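J.: The structure is given below, and queries will be raised subsequently.
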Amino acid sequence: TWCSHCRQFAPAWAELAAKVNGGNGTAAMVFKDKSGVERSVRMIKMNCVDFQAICREKGIDAFPTLRLYKSDGNMFVFGGKRSEEALVDFITKRVGQDAGWSRDHNHFEYGCNAKGRLEVPRVPGRLELTAGTGDQNLNSKMTNVSHFIKHLSFSDPNDGRYHRKPWAGLPRDVTRHITPVDGQTFVSHKFHETWIHELKVVSTVSPKEKTVYQFSHQKRLQTVDPEEIPQARFHFDIEPFSILIKSESKKWYDFGTSLLAIMGGAFVVMRLMSRVSLATSTSLRRLMKSASGSARAGGEVIGHFD
């Protein structure tokens, strides 16, 4: 009774089930398989409030969920408009096809795509993305908000869709902080977990006097109440100061001065090495002469002893 979408769909389901299942003097509907053999389909419903364990085992994470099962256990999930015409067309096509069926409900799982631009004031704020669709109630105990960020950046409102133009010519250590989370995947390995992204944003003025925004990124996982549908949360704080990037060009004589300084330094080093080498060789020659004199004196003493 808590699922509003289920209550809304209940009358249409009952009417269609009576036609497909037959009864009260009405023949059941038949559908032809790929070989042309007529097959009967039974429409049944299960209340996941009363059969929670079975629904969890089968991966029912949204209500209402409509599946078509074959006798061998393979299934296909209906994802269209919940009308009699759409459902009959779905059953007819699926019974007549062999491809696309699966025993694993994960084969039919799909996510959502969030794309767009938001204009926010220059004050701390947050963006929260909640899983859910307009025509289903989600099972909060089985909702996973793992996500992939294709692109996330900050820009001035006037930049519009061409917000990347001011990035041209900026140093690499700046551009890598403009989109630090692009191409990253954030996976929740357990239920009841929410990813929280902390963003520190600082405006940066380029040499062309264009404003870009760098930001640092910190992430953490937070456990939420089992009855709460987890979210992907982005908390941002825009710093009140700006970074100014300046490019300075050197004159030709600066290059000459630097070159002469390098040559002078090399000359000094070589002169020092030459002096050290000369002093070392002089010391070695003196030691060798001293050792030779001692050897001759020692020879005379030994001869006298004999």
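Following the order of the structure tokens, chains are lettered A, B, ..., residues in each are numbered from 1, and ligands are numbered from 1.
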Within 10 Å of Ile178 in chain A, counting only C-alpha atoms, which residues show up once you throw out same-chain ones fewer than 2 positions away? Write them as a ChimeraX atom specification, please.
T.: /A:152-155,164,167,173-176,180-182,201-204,212-216
J.: Hey, can you spit out that residue selection with C-alpha atoms as a PDB file, in the first residue's frame?
T.:
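Generated output (part-v2.pdb):
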```pdb
ATOM      1  CA  LEU A 152      32.929  18.248 -13.797  1.00  0.00           C
ATOM      2  CA  SER A 153      34.209  21.827 -13.790  1.00  0.00           C
ATOM      3  CA  PHE A 154      33.370  25.360 -12.671  1.00  0.00           C
ATOM      4  CA  SER A 155      33.152  28.356 -15.000  1.00  0.00           C
ATOM      5  CA  ARG A 164      36.859  25.349 -22.115  1.00  0.00           C
ATOM      6  CA  TRP A 167      41.891  26.933 -20.547  1.00  0.00           C
ATOM      7  CA  ASP A 173      49.892  22.198 -13.254  1.00  0.00           C
ATOM      8  CA  VAL A 174      46.887  24.549 -13.555  1.00  0.00           C
ATOM      9  CA  THR A 175      44.791  22.617 -16.091  1.00  0.00           C
ATOM     10  CA  ARG A 176      45.065  19.392 -14.124  1.00  0.00           C
ATOM     11  CA  PRO A 180      40.679  16.740 -11.284  1.00  0.00           C
ATOM     12  CA  VAL A 181      37.823  14.200 -11.101  1.00  0.00           C
ATOM     13  CA  ASP A 182      37.198  13.685 -14.829  1.00  0.00           C
ATOM     14  CA  VAL A 201      37.252  26.072  -5.478  1.00  0.00           C
ATOM     15  CA  VAL A 202      39.547  29.032  -6.193  1.00  0.00           C
ATOM     16  CA  SER A 203      39.261  31.421  -9.158  1.00  0.00           C
ATOM     17  CA  THR A 204      42.342  31.854 -11.319  1.00  0.00           C
ATOM     18  CA  VAL A 212      39.100  29.835 -14.766  1.00  0.00           C
ATOM     19  CA  TYR A 213      38.427  27.831 -11.633  1.00  0.00           C
ATOM     20  CA  GLN A 214      40.730  25.298 -10.042  1.00  0.00           C
ATOM     21  CA  PHE A 215      39.513  23.015  -7.280  1.00  0.00           C
ATOM     22  CA  SER A 216      40.882  20.389  -4.946  1.00  0.00           C
TER      23      SER A 216
END
```
J.: I need the residues of range 27-262 of chain A that end up classed as alpha helix (DSSP H) by DSSP on the backbone, written out as a PyMOL selection string.
T.: chain A and resi 52-57+84-95+172-175+252-262
J.: Quick one: residues within 10 Å of Val77 in chain A, only C-alpha atoms counted, chain neighbours fewer than 4 positions away excluded, as an NGL selection string?
T.: :A and (65-69 or 90 or 101-102 or 105 or 107-109)
J.: Within 9 Å of range 245-251 of chain A, counting only C-alpha atoms, which residues qualify if same-chain residues fewer than 2 places away don't, as a VMD selection string?
T.: chain A and resid 170 204 to 207 209 243 253 to 255
J.: Using the selection just defined, write its residues with C-alpha atoms as a PDB file, in the first residue's frame.
T.:
```pdb
ATOM      1  CA  LEU A 170      47.510  27.550 -19.267  1.00  0.00           C
ATOM      2  CA  THR A 204      42.342  31.854 -11.319  1.00  0.00           C
ATOM      3  CA  VAL A 205      43.015  34.726 -13.745  1.00  0.00           C
ATOM      4  CA  SER A 206      45.028  33.710 -16.804  1.00  0.00           C
ATOM      5  CA  PRO A 207      47.592  35.907 -18.626  1.00  0.00           C
ATOM      6  CA  GLU A 209      42.695  38.004 -18.302  1.00  0.00           C
ATOM      7  CA  ILE A 243      45.224  33.445  -8.161  1.00  0.00           C
ATOM      8  CA  TYR A 253      70.802  40.315 -23.043  1.00  0.00           C
ATOM      9  CA  ASP A 254      69.355  38.320 -20.111  1.00  0.00           C
ATOM     10  CA  PHE A 255      70.126  35.209 -22.100  1.00  0.00           C
TER      11      PHE A 255
END
```
J.: Please, which residues of range 59-279 of chain A, numbered as in this document, come out strand (DSSP E) from DSSP, as a PyMOL selection string?
T.: chain A and resi 62-63+67-69+75-77+125-130+137-138+147-149+184-186+193-205+211-223+231-244
J.: Determine, counting only C-alpha atoms, which protein, DNA and RNA residues have an atom within 12 Å of an atom of Ala18 in chain A; residues of the same chain fewer than 3 positions away are not included. Present the result as a ChimeraX atom specification.
T.: /A:11-15,21-29,41-44,84
J.: Residues within 9 Å of Gly100 in chain A, please, as a short mmCIF file (atom, residue, chain, number, x, y, z; two decimals) with C-alpha atoms, in the first residue's frame. Count only C-alpha atoms; anything in the same chain fewer than 3 positions from it doesn't count.
T.:
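Once written, selection20.cif looks like this:
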```
data_model
loop_
_atom_site.label_atom_id
_atom_site.label_comp_id
_atom_site.auth_asym_id
_atom_site.auth_seq_id
_atom_site.Cartn_x
_atom_site.Cartn_y
_atom_site.Cartn_z
CA MET A 75 13.74 -13.80 -18.04
CA PHE A 76 13.42 -10.40 -19.67
CA ARG A 94 9.70 -11.46 -26.51
CA GLN A 97 12.57 -14.14 -29.91
#
```
J.: Excluding same-chain residues fewer than 2 positions from His235 in chain A, what lies within 8 Å of it counting only C-alpha atoms, as a list in words?
T.: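 Listed by chain and then number, they are Pro124, Gly125, Arg126, Leu127, Ile196, His197, Glu198, Leu199, Arg233 and Asp237 of chain A.
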J.: When you count only C-alpha atoms, which of these residues is closest to Phe234 in chain A: A:Asn137, A:Ser258, A:Asn113, A:Thr194?
T.: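 That would be A:Thr194, the residue with the smallest distance to Phe234 in chain A.
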J.: Taking only C-alpha atoms into account, name the residue in A:Thr211, A:Ser188, A:Ala261, A:Cys112 that is nearest to Ala168 in chain A.
T.: A:Thr211
J.: Between CA of Asp98 in chain A and CA of Ser71 in chain A, what is the spacing in Å?
T.: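 Result for CA of Ser71 in chain A versus CA of Asp98 in chain A: 13.0 Å, one decimal.
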J.: Which of these, A:Leu287, A:Leu259, A:Ile149, A:Arg82, has the shortest distance to Ala232 in chain A once you count only C-alpha atoms?
T.: A:Ile149
